[in-house]
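Engineer: Here you go, one structure.
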Amino acid sequence: MNTIHWNGARIERLVRAGATALLVSLLAACGGGGGDAGPVASVDSGSGGGTGSTGSDAGGTGAPAPSETPAAALPASRADARRFLTQATFGPTEPEVDHLMKVGYSAWIDEQFAKPQKLHRGYWDAENKAIKKLDANRSAGSREVLDSFYQQALKGDDQLRQRVAFALSEIFVVSMVADGLGGDKGQGVAGYLDMLGRNAFGNYRTLIEDVSRHPMMGIYLSHLRNAKEDPAKGRVPDENFAREVMQLFSIGLHQLNPDGSVKLALDGKPIETYGPKDIAGLAKVFTGWSWDGPDTGDGRYYGWGVEWADPARYYTSMQGYTQFHSISEKRFLGVKVPAQTRADPYASLEVAMDTLAAHPNVGPFLGKQLIQRLVTSNPSPAYVGRVAAAFGAGGDMKAMIRAVLLDPEARDAKIAAGKAYGKLREPVLRLTALLRAFGATSDSAKYLIGTTDDAGTQLGQTPLRSPSVFNFYRPGYVPPNTKAGKQGLTVPEMQITHETTVAGYANYMISGVMYGFGQNGVDWQAKRRDVQLDTRSLLASVDDSEALAGLVLARLLGPGKYDALESEIVAAADSIALPELKADGSNKDWVETSKKYRVSAALAIALVSPEFLIQK
């Protein structure tokens, strides 16, 4: 990272002070610091909180008819429009706000549902072809997946689909960090993200099967080439995917009421949704699945040699191989697949997928997580219940998304002002919000932002590079030693928010607003970083610190009163002297650099402020 100096390294002091202030303010926004908070019980990746009720039919439906909602109406203000677009896109832009103000919430969602999907794999394939034209021994890889992600996040017009697909990628996780998903398998990861985008507006039953059969998931959770049991050798099927498809992708660890609250047994303990026998039985379903292709011979199953390497195999659903599929009885979740005289992997899978998709947990389990990813970390049980009811027994993803975004709890500004309402923006969404707000452009037209994994110098998060199948953070995470923890409030993104990531984020963003984001061109030989903010309007206002602060806040936060933050920005900008241009122009470069420092200071203060970091 380039070193920035402001008259005695002012920016270094800003980073240190700003990083510390950011951590303190984040904790306060989540209910304050409070080192006296007692230990917080661990929260699994499943259902989340809510008041439990005893027995499977105990109350807690939590889904009363919603009150009057502006679902079909125009936003009451530009602030309301921006809040909606913050939830439904990668960040509001002024043209999109203008459009939403004209058409209203429902019409905007309908327009987004109707937009054609732009494929990440299309970009990856085109880049791969261009690379191989220059060198047949090279190929595109994971970088091209990220290039396409940022292109569509920043400039794509199918914002809702891409935003929901990103949310789904943090629920149905595959990660390019894992062994076996790098290099040319970037094509498969791009195809996996496309699959999530395709199913974002479809049906959950199709989604869960497409996830289960995708070869990148097969590699990641080890059920590609998962062989049937062999009692003689003591071999049993790999249980990895069978466990995670229940725990993380469908029903969670505990039985739920329709409002997402956990069902409790007579002894007051949560009722588990499955046990070891269910995992073992379901694991047999996921035996005998491997690469797609025109035949089902052993060679294609194992992928021996190039003659079995079908060009589309990285992104085409896995096919069943009868010779490797278990024929023994399969019992799980109260259903039974009878022993088969001839292996039929498709029949076994159909029973499993139908069973998972029909489980009453799916609506509240998935619905609550989508609310958390898009709107607020602690939705009321009633909100979860309404979203689950919209999802229904048919698993209607469009209806669920519409319910998430148009619910009174999503749209009512008075509710949004509540202390426990909102969410901490995850680092990737902070970056996209900034870049969209200031019309960022790419010198290469490829948006070469690349990996931002490093917690100390970057975002500590990169799309599709989660450290584990549990995502970067768990949906039920309660930050310990905080008032939020004492109150049992979940703040998922706080799991990756600590002293290192706070300082790393501040440094990364300050460097970015000063010099640009990403690498220096495709070959690292460009004169500047690839992605640049359009700060011309800010530079034109540097002589008036109050006007500069107003422009920064208008772009990043929209209309509102931010008196304290505005004062901080004005003070930071005023601390940077603007030299007068000499008659001979000999100090022109220093004058321009000083103006740039003022703009960077104003942006830096805003970007580490709670007002920006907390999505209300």
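Going by the structure tokens order, chains are called A, B, ..., each with residues numbered from 1, while ligands are numbered from 1 in the order shown.
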Can you list every residue in region 246-474 of chain A that DSSP puts in strand (DSSP E), as a PyMOL selection string?
Structural biologist: chain A and resi 263-264+289-290+319-320+330-332+335-337+423-424+441-442
Engineer: Identify, on the basis of only C-alpha atoms, every residue whose closest approach to Ala242 (chain A) does not exceed 9 Å; exclude the query and any residue fewer than 5 positions from it along the same chain; express the result as a compact mmCIF listing (two decimals) with all heavy atoms, in the first residue's frame.
Structural biologist:
```txt
# COMPACT_ATOMS: atom_id res chain seq x y z
N HIS A 223 -18.77 -34.94 -1.91
CA HIS A 223 -19.67 -36.01 -2.34
C HIS A 223 -19.58 -36.27 -3.84
O HIS A 223 -20.30 -37.12 -4.35
CB HIS A 223 -21.12 -35.75 -1.91
CG HIS A 223 -21.75 -34.53 -2.48
ND1 HIS A 223 -21.35 -33.25 -2.14
CD2 HIS A 223 -22.79 -34.36 -3.35
CE1 HIS A 223 -22.10 -32.37 -2.78
NE2 HIS A 223 -22.97 -33.01 -3.52
N GLN A 247 -27.94 -29.10 8.03
CA GLN A 247 -27.62 -28.08 9.03
C GLN A 247 -27.61 -26.67 8.45
O GLN A 247 -28.11 -25.73 9.08
CB GLN A 247 -26.25 -28.37 9.65
CG GLN A 247 -25.84 -27.34 10.70
CD GLN A 247 -24.48 -27.62 11.31
OE1 GLN A 247 -23.88 -28.66 11.06
NE2 GLN A 247 -23.97 -26.69 12.10
N ASP A 278 -29.87 -40.15 10.81
CA ASP A 278 -30.36 -39.41 9.63
C ASP A 278 -29.20 -39.04 8.72
O ASP A 278 -29.32 -39.13 7.48
CB ASP A 278 -31.08 -38.13 10.07
CG ASP A 278 -32.32 -38.42 10.91
OD1 ASP A 278 -33.25 -39.04 10.38
OD2 ASP A 278 -32.34 -38.02 12.09
N ILE A 279 -28.08 -38.62 9.30
CA ILE A 279 -26.91 -38.27 8.49
C ILE A 279 -26.42 -39.50 7.74
O ILE A 279 -26.15 -39.43 6.53
CB ILE A 279 -25.78 -37.72 9.39
CG1 ILE A 279 -26.23 -36.41 10.05
CG2 ILE A 279 -24.51 -37.49 8.57
CD1 ILE A 279 -25.25 -35.89 11.10
N ALA A 280 -26.32 -40.62 8.43
CA ALA A 280 -25.83 -41.85 7.79
C ALA A 280 -26.76 -42.30 6.68
O ALA A 280 -26.30 -42.72 5.60
CB ALA A 280 -25.67 -42.95 8.85
N GLY A 281 -28.07 -42.22 6.91
CA GLY A 281 -29.01 -42.64 5.87
C GLY A 281 -28.97 -41.71 4.67
O GLY A 281 -29.00 -42.16 3.52
N LEU A 282 -28.91 -40.40 4.92
CA LEU A 282 -28.89 -39.44 3.82
C LEU A 282 -27.58 -39.51 3.05
O LEU A 282 -27.55 -39.28 1.82
CB LEU A 282 -29.10 -38.03 4.37
CG LEU A 282 -29.36 -36.91 3.35
CD1 LEU A 282 -30.57 -37.23 2.47
CD2 LEU A 282 -29.55 -35.58 4.07
N ALA A 283 -26.48 -39.85 3.73
CA ALA A 283 -25.19 -39.96 3.05
C ALA A 283 -25.23 -41.01 1.94
O ALA A 283 -24.56 -40.88 0.91
CB ALA A 283 -24.09 -40.30 4.06
N LYS A 284 -26.03 -42.05 2.13
CA LYS A 284 -26.13 -43.08 1.09
C LYS A 284 -26.77 -42.53 -0.19
O LYS A 284 -26.48 -43.01 -1.28
CB LYS A 284 -26.96 -44.27 1.60
CG LYS A 284 -26.33 -45.03 2.76
CD LYS A 284 -27.24 -46.18 3.18
CE LYS A 284 -26.70 -46.95 4.36
NZ LYS A 284 -27.61 -48.06 4.76
N VAL A 285 -27.66 -41.54 -0.03
CA VAL A 285 -28.27 -40.92 -1.20
C VAL A 285 -27.22 -40.26 -2.07
O VAL A 285 -27.31 -40.28 -3.30
CB VAL A 285 -29.32 -39.87 -0.76
CG1 VAL A 285 -29.82 -39.06 -1.94
CG2 VAL A 285 -30.47 -40.55 -0.02
N PHE A 286 -26.21 -39.69 -1.43
CA PHE A 286 -25.19 -38.94 -2.16
C PHE A 286 -23.98 -39.79 -2.51
O PHE A 286 -22.85 -39.31 -2.56
CB PHE A 286 -24.79 -37.71 -1.35
CG PHE A 286 -25.93 -36.77 -1.11
CD1 PHE A 286 -26.44 -36.60 0.17
CD2 PHE A 286 -26.52 -36.08 -2.15
CE1 PHE A 286 -27.52 -35.75 0.40
CE2 PHE A 286 -27.60 -35.23 -1.93
CZ PHE A 286 -28.09 -35.07 -0.66
```
Engineer: I'd like the neighbourhood of Ile496 (chain A) as an mmCIF file with N, CA and C atoms, in the first residue's frame, where a residue qualifies if any of its atoms comes within 8 Å (using only C-alpha atoms), though same-chain residues fewer than 6 positions away should be ignored.
Structural biologist:
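File result_20.cif, as written:
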```
data_model
loop_
_atom_site.group_PDB
_atom_site.id
_atom_site.type_symbol
_atom_site.label_atom_id
_atom_site.label_comp_id
_atom_site.auth_asym_id
_atom_site.auth_seq_id
_atom_site.Cartn_x
_atom_site.Cartn_y
_atom_site.Cartn_z
ATOM 1 N N GLY A 460 -10.497 -8.103 4.698
ATOM 2 C CA GLY A 460 -10.700 -9.313 5.485
ATOM 3 C C GLY A 460 -11.851 -10.147 4.966
ATOM 4 N N PHE A 472 -18.272 -16.416 6.343
ATOM 5 C CA PHE A 472 -17.363 -15.544 7.079
ATOM 6 C C PHE A 472 -17.854 -15.345 8.504
ATOM 7 N N TYR A 473 -19.140 -15.471 8.713
ATOM 8 C CA TYR A 473 -19.752 -15.281 10.032
ATOM 9 C C TYR A 473 -21.042 -16.082 10.067
#
```
Engineer: Which one of A:Trp289, A:Phe201, A:Phe166, A:Tyr314 sits closest to Pro215 (chain A) if you count only C-alpha atoms?
Structural biologist: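 Under the stated criterion, the closest residue is A:Tyr314.
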Engineer: List every residue of region 296-473 of chain A that DSSP, applied to the backbone, labels as helix (DSSP H, G or I), and write the result as number ranges by chain.
Structural biologist: A: 298-302, 306-308, 322-324, 345-358, 362-374, 381-391, 397-406, 408-411, 413-416, 427-437
Engineer: CA of Asp230 (chain A) to CA of Ser328 (chain A): how many Å, to one decimal?
Structural biologist: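 Going from CA of Asp230 (chain A) over to CA of Ser328 (chain A) covers 10.9 Å.
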Engineer: Need to verify the contact set: Gly156 (chain A), 12 Å, only C-alpha atoms, exclusion of same-chain residues closer than 2 positions in sequence. Can you return it as a ChimeraX atom specification?
Structural biologist: /A:89-91,112,115-120,148-154,158-163,436
Engineer: As a list in words, please: the residues near region 441-448 of chain A (cut-off 7 Å, only C-alpha atoms, same-chain neighbours under 5 positions excluded).
Structural biologist: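 Residues near the query, excluding close chain neighbours: Asp147, Tyr150, Gln151, Gly518, Gln519, Gly521, Asp530, Val531, Gln532 and Leu533 of chain A.
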Engineer: Please measure the separation of CA of Leu333 (chain A) and CA of Ile208 (chain A), giving the value in Å to one decimal.
Structural biologist: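 If I compute the distance from CA of Leu333 (chain A) to CA of Ile208 (chain A), I get 16.3 Å.
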Engineer: Excluding Tyr302 (chain A) and any residue of its chain fewer than 2 positions from it, enumerate the residues within 10 Å of it, using only C-alpha atoms, and give them as an MDAnalysis selection string.
Structural biologist: chainID A and resid 224:225 290:291 297:300 304:305 308
Engineer: Kindly save the residues from that selection, with N, CA, C and O atoms included, as a tab-separated table (two decimals), in the first residue's frame.
Structural biologist:
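What landed in part_10.tsv:
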```
chain	number	residue	atom	x	y	z
A	224	LEU	N	-18.70	-35.60	-4.54
A	224	LEU	CA	-18.37	-36.01	-5.90
A	224	LEU	C	-17.44	-37.22	-5.77
A	224	LEU	O	-16.44	-37.17	-5.05
A	225	ARG	N	-17.81	-38.31	-6.43
A	225	ARG	CA	-17.09	-39.60	-6.32
A	225	ARG	C	-17.20	-40.18	-4.90
A	225	ARG	O	-16.28	-40.82	-4.41
A	290	SER	N	-21.00	-38.14	-9.89
A	290	SER	CA	-19.72	-37.63	-10.37
A	290	SER	C	-19.94	-36.84	-11.65
A	290	SER	O	-21.06	-36.47	-11.99
A	291	TRP	N	-18.87	-36.63	-12.38
A	291	TRP	CA	-18.87	-35.73	-13.54
A	291	TRP	C	-19.95	-36.08	-14.56
A	291	TRP	O	-20.20	-37.24	-14.85
A	297	GLY	N	-19.37	-44.65	-17.50
A	297	GLY	CA	-18.33	-45.63	-17.23
A	297	GLY	C	-17.42	-45.21	-16.09
A	297	GLY	O	-17.42	-44.05	-15.65
A	298	ASP	N	-16.62	-46.17	-15.62
A	298	ASP	CA	-15.72	-45.89	-14.51
A	298	ASP	C	-14.74	-44.77	-14.83
A	298	ASP	O	-14.40	-43.97	-13.96
A	299	GLY	N	-14.30	-44.71	-16.09
A	299	GLY	CA	-13.33	-43.68	-16.46
A	299	GLY	C	-13.86	-42.28	-16.27
A	299	GLY	O	-13.17	-41.40	-15.75
A	300	ARG	N	-15.13	-42.06	-16.65
A	300	ARG	CA	-15.70	-40.72	-16.48
A	300	ARG	C	-15.98	-40.45	-15.00
A	300	ARG	O	-15.80	-39.34	-14.53
A	304	TRP	N	-10.51	-40.15	-15.29
A	304	TRP	CA	-9.21	-40.59	-15.77
A	304	TRP	C	-8.93	-40.02	-17.16
A	304	TRP	O	-9.69	-40.23	-18.10
A	305	GLY	N	-7.86	-39.26	-17.29
A	305	GLY	CA	-7.41	-38.85	-18.62
A	305	GLY	C	-8.29	-37.82	-19.29
A	305	GLY	O	-9.45	-37.62	-18.95
A	308	TRP	N	-11.96	-38.31	-20.92
A	308	TRP	CA	-13.20	-38.27	-20.14
A	308	TRP	C	-13.49	-36.86	-19.60
A	308	TRP	O	-14.44	-36.68	-18.86
```
Engineer: Write out as an MDAnalysis selection string which residues come within 12 Å of Leu551 (chain A) when counting only C-alpha atoms, dropping same-chain ones fewer than 6 positions away.
Structural biologist: chainID A and resid 437:438 535:542 544:545 557:559 566 569:570 599 602:603 606
Engineer: Take the residues from that selection and write them out as an mmCIF file, in the first residue's frame, keeping C-alpha atoms.
Structural biologist:
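And here is the file that came out, selection-v1.cif:
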```
data_model
loop_
_atom_site.group_PDB
_atom_site.id
_atom_site.type_symbol
_atom_site.label_atom_id
_atom_site.label_comp_id
_atom_site.auth_asym_id
_atom_site.auth_seq_id
_atom_site.Cartn_x
_atom_site.Cartn_y
_atom_site.Cartn_z
ATOM 1 C CA ALA A 437 -21.984 6.156 -4.954
ATOM 2 C CA PHE A 438 -19.046 7.809 -6.678
ATOM 3 C CA THR A 535 -14.383 12.755 -7.186
ATOM 4 C CA ARG A 536 -14.526 15.742 -9.546
ATOM 5 C CA SER A 537 -17.514 17.278 -7.761
ATOM 6 C CA LEU A 538 -15.702 16.939 -4.431
ATOM 7 C CA LEU A 539 -12.499 18.476 -5.749
ATOM 8 C CA ALA A 540 -14.506 21.435 -7.018
ATOM 9 C CA SER A 541 -15.736 22.076 -3.460
ATOM 10 C CA VAL A 542 -12.507 21.772 -1.465
ATOM 11 C CA ASP A 544 -15.522 25.218 1.267
ATOM 12 C CA SER A 545 -15.174 22.436 3.842
ATOM 13 C CA LEU A 557 -25.721 8.562 3.284
ATOM 14 C CA GLY A 558 -28.344 10.576 1.455
ATOM 15 C CA PRO A 559 -30.656 13.148 3.047
ATOM 16 C CA GLU A 566 -20.315 16.770 9.435
ATOM 17 C CA ILE A 569 -15.362 16.041 8.399
ATOM 18 C CA VAL A 570 -15.112 19.828 8.313
ATOM 19 C CA VAL A 599 -11.171 15.028 -0.352
ATOM 20 C CA ALA A 602 -13.505 13.872 4.114
ATOM 21 C CA LEU A 603 -14.219 10.476 2.595
ATOM 22 C CA ALA A 606 -17.321 9.197 6.526
#
```
Engineer: Smallest atom-to-atom distance to Ala312 (chain A): which of A:Val469, A:Ser106, A:Asp125, A:Thr86, using only C-alpha atoms?
Structural biologist: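 Using only C-alpha atoms, Ala312 (chain A) sits closest to A:Asp125.
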Engineer: Considering only C-alpha atoms, state which residue in the set A:Arg402, A:Thr355, A:Ile449, A:Lys336 is at the smallest distance from Ile109 (chain A).
Structural biologist: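 Looking only at the distances to Ile109 (chain A), the closest residue turns out to be A:Arg402.
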Engineer: In Å to one decimal, how far is CA of Ala390 (chain A) from CA of Asn471 (chain A)?
Structural biologist: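 A separation of 26.1 Å between them.
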Engineer: Just checking: using only C-alpha atoms, which residue out of A:Leu253, A:Pro338, A:Val478, A:Thr296 ends up closest to Pro276 (chain A)?
Structural biologist: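 For Pro276 (chain A), the nearest of the given residues is A:Leu253.
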Engineer: Calculated over only C-alpha atoms, which of the candidates A:Ser175, A:Ser139, A:Ser222, A:Ser600 has the smallest distance to Phe470 (chain A)?
Structural biologist: A:Ser175
Engineer: Rank nothing, just name the residue among A:Val362, A:Met195, A:Leu464, A:Leu607 nearest to Leu181 (chain A), using only C-alpha atoms.
Structural biologist: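 That would be A:Leu464, the residue with the smallest distance to Leu181 (chain A).
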